[in-house]
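K.L.:
Mind looking over this structure? Questions follow.
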Protein chains: 2
Amino acid sequence: MKQNYNFKRGKNNIDMILLKILCNGDFYGYQLSQLIKEFSHEMISIPEGSLYPALYKLQDNGYISAEKRLVGKRQERIYYHIEPSGRDYLQTILSDYEYLTTAIQYILSYQYAPQEETEDE
Amino acid sequence: MKQNYNFKRGKNNIDMILLKILCNGDFYGYQLSQLIKEFSHEMISIPEGSLYPALYKLQDNGYISAEKRLVGKRQERIYYHIEPSGRDYLQTILSDYEYLTTAIQYILSYQYAPQEETEDE
DNA sequence: AGTCAACACCTAGATAAACAAAATATATGT
DNA sequence: ACATATATTTTGTTTATCTAGGTGTTGACT
């Protein structure tokens, strides 16, 4: 079992969401940002300054691959495809996320029962 | 309602946990780190390099107050006490946290139904 | 008397995630 | 001609958290 789990881990929420959506098929950047809005019931959106650097980092790590496609005579779009190692990485950050969420939930729902009561108020 | 919620918000997990625990009474730094381990079933711990700066920041913002107490003839400990504004702040980051958790859960549990299927595999 | 572990606090510097705010360019509708 | 939506890029900034050290006290064991 894990010990001394830190808060820094389980922080790659954007990676997690992007990879999760890419499990459903290949999408391009702008499309991903739209899907995130849609899937979250318009609750969250990822600014471009977060989205694209995240995609480049995932690509650098080999978790996703990129392919330029010309749709009709339109400008080219860069479609991203999740690779097997990306699915592995997704599993890791998903379980990290659940782990941290569980731990925080324990703390938030804890009912503190003090041992000795010395009134001073 | 909130719109365009970002990931940067709802990230003050350490603040949230510290304030939550301080709702149960006054504690000192080292004690807080022990309680976090205990309450989380040993799942997480906060390193001192995260804990103390977080406490100082909360204090600077007036969310908590500090008081030195000598327990017996022991070395002094610095007890922290949550202030009303700290409780307000806790409510804010708690609802931010729940908001973000809900939105992520929507995305993670989304079943994508593509409009048009063109087989290419 | 010496040592060691647990207690209790402090801090400088590094890392890295996420963001804001720009810019570029195409396509579409009015 | 102009505005809006689409689509990508990049520079610089912020900030949360961590690493890795440091100081000093207390109490137990040898």
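Please note that chains go A, B, ... in the order of the structure tokens, that every chain numbers its residues from 1, and that ligands are numbered from 1 in the order shown.
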Please return, as a PyMOL selection string, all residues of region 34-117 of chain A that DSSP assigns to helix (DSSP H, G or I) on the basis of the backbone.
P.N.:
chain A and resi 34-39+48-60+84-108
K.L.:
Write a file of the just-selected residues containing C-alpha atoms, as a compact mmCIF listing (two decimals), in the first residue's frame.
P.N.:
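File written: part_30.txt
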```txt
# COMPACT_ATOMS: atom_id res chain seq x y z
CA GLN A 34 -15.93 21.97 -26.53
CA LEU A 35 -16.47 18.40 -25.40
CA ILE A 36 -15.19 19.21 -21.93
CA LYS A 37 -17.78 21.95 -21.63
CA GLU A 38 -20.49 19.67 -22.94
CA PHE A 39 -19.63 16.60 -20.87
CA GLU A 48 -6.36 27.45 -24.43
CA GLY A 49 -3.25 28.34 -22.51
CA SER A 50 -3.82 25.21 -20.48
CA LEU A 51 -5.23 22.92 -23.14
CA TYR A 52 -2.59 23.04 -25.83
CA PRO A 53 0.49 22.84 -23.59
CA ALA A 54 -1.13 19.85 -21.91
CA LEU A 55 -1.61 18.15 -25.28
CA TYR A 56 2.00 18.86 -26.28
CA LYS A 57 3.24 17.39 -23.04
CA LEU A 58 1.16 14.26 -23.45
CA GLN A 59 2.51 13.95 -26.98
CA ASP A 60 6.12 14.45 -25.86
CA PRO A 84 -1.48 2.17 -25.24
CA SER A 85 0.97 3.87 -22.88
CA GLY A 86 -1.54 6.69 -22.62
CA ARG A 87 -4.19 4.26 -21.46
CA ASP A 88 -1.77 2.94 -18.86
CA TYR A 89 -1.00 6.46 -17.72
CA LEU A 90 -4.71 7.21 -17.54
CA GLN A 91 -5.24 4.22 -15.28
CA THR A 92 -2.49 5.51 -13.01
CA ILE A 93 -3.81 9.04 -12.67
CA LEU A 94 -7.38 7.79 -12.36
CA SER A 95 -6.45 5.62 -9.40
CA ASP A 96 -4.34 8.44 -7.96
CA TYR A 97 -7.33 10.72 -8.27
CA GLU A 98 -9.63 8.26 -6.55
CA TYR A 99 -7.08 7.64 -3.85
CA LEU A 100 -6.71 11.32 -3.03
CA THR A 101 -10.45 11.93 -3.24
CA THR A 102 -11.09 9.09 -0.80
CA ALA A 103 -8.48 10.34 1.64
CA ILE A 104 -9.85 13.87 1.57
CA GLN A 105 -13.35 12.55 2.04
CA TYR A 106 -12.23 10.69 5.13
CA ILE A 107 -10.89 13.90 6.59
CA LEU A 108 -13.87 16.02 5.62
```
K.L.:
Just list as a ChimeraX atom specification whatever in chain A DSSP marks as strand (DSSP E).
P.N.:
/A:27-28,64-70,76-82
K.L.:
Quick one: residues within 8 Å of DA7 (chain D), only C-alpha atoms (C1' of nucleotides) counted, chain neighbours fewer than 3 positions away excluded, as number ranges by chain?
P.N.:
A: 29-30, 77
K.L.:
Could you list, as a ChimeraX atom specification, every residue of chain D that has an atom within 10 Å of an atom of chain A, counting only C-alpha atoms (C1' of nucleotides)?
P.N.:
/D:6-10,16-18
K.L.:
Let's have the selection written as a short mmCIF file (atom, residue, chain, number, x, y, z; two decimals), in the first residue's frame, with N, CA and C atoms (P, O5', C5', C4', C3', O3' and C1' of nucleotides).
P.N.:
```
data_model
loop_
_atom_site.label_atom_id
_atom_site.label_comp_id
_atom_site.auth_asym_id
_atom_site.auth_seq_id
_atom_site.Cartn_x
_atom_site.Cartn_y
_atom_site.Cartn_z
P DT D 6 -17.72 27.75 -32.76
"O5'" DT D 6 -16.45 27.45 -33.67
"C5'" DT D 6 -16.62 27.06 -35.02
"C4'" DT D 6 -15.29 27.02 -35.74
"C3'" DT D 6 -14.28 26.02 -35.17
"O3'" DT D 6 -13.88 25.15 -36.22
"C1'" DT D 6 -13.27 28.12 -35.56
P DA D 7 -13.22 23.76 -35.93
"O5'" DA D 7 -11.74 24.15 -35.45
"C5'" DA D 7 -10.69 24.19 -36.41
"C4'" DA D 7 -9.41 24.74 -35.81
"C3'" DA D 7 -8.89 24.12 -34.52
"O3'" DA D 7 -7.90 23.15 -34.86
"C1'" DA D 7 -8.43 26.46 -34.72
P DT D 8 -7.01 22.47 -33.69
"O5'" DT D 8 -5.79 23.48 -33.54
"C5'" DT D 8 -5.01 23.79 -34.69
"C4'" DT D 8 -3.98 24.85 -34.36
"C3'" DT D 8 -2.99 24.49 -33.25
"O3'" DT D 8 -1.71 24.33 -33.81
"C1'" DT D 8 -3.74 26.75 -33.12
P DT D 9 -0.51 23.85 -32.92
"O5'" DT D 9 0.11 25.24 -32.41
"C5'" DT D 9 0.46 26.25 -33.36
"C4'" DT D 9 0.99 27.47 -32.62
"C3'" DT D 9 1.96 27.17 -31.48
"O3'" DT D 9 3.26 27.58 -31.86
"C1'" DT D 9 0.41 28.89 -30.93
P DT D 10 4.51 27.21 -30.94
"O5'" DT D 10 4.66 28.53 -30.04
"C5'" DT D 10 4.46 29.81 -30.63
"C4'" DT D 10 4.55 30.87 -29.55
"C3'" DT D 10 5.49 30.52 -28.38
"O3'" DT D 10 6.25 31.65 -28.05
"C1'" DT D 10 3.37 31.10 -27.55
P DA D 16 -1.62 29.68 -3.64
"O5'" DA D 16 -1.89 28.11 -3.53
"C5'" DA D 16 -2.23 27.41 -4.69
"C4'" DA D 16 -1.58 26.05 -4.72
"C3'" DA D 16 -1.33 25.44 -3.35
"O3'" DA D 16 -1.79 24.10 -3.36
"C1'" DA D 16 0.71 25.52 -4.60
P DT D 17 -1.86 23.25 -2.00
"O5'" DT D 17 -0.48 22.46 -2.02
"C5'" DT D 17 -0.14 21.68 -3.17
"C4'" DT D 17 1.33 21.36 -3.18
"C3'" DT D 17 1.90 20.80 -1.87
"O3'" DT D 17 1.99 19.40 -1.98
"C1'" DT D 17 3.43 22.23 -3.04
P DC D 18 2.67 18.49 -0.86
"O5'" DC D 18 4.20 18.50 -1.33
"C5'" DC D 18 4.52 18.14 -2.66
"C4'" DC D 18 6.01 18.33 -2.92
"C3'" DC D 18 6.89 17.61 -1.90
"O3'" DC D 18 7.71 16.69 -2.59
"C1'" DC D 18 7.59 19.88 -2.21
#
```
K.L.:
In Å, how far is it from CA of Phe27 (chain B) to CA of Glu67 (chain B)?
P.N.:
10.0 Å
K.L.:
Show me which bits of chain C are within 10 Å of chain B, counting only C-alpha atoms (C1' of nucleotides), as a PyMOL selection string.
P.N.:
chain C and resi 7-11+17-19
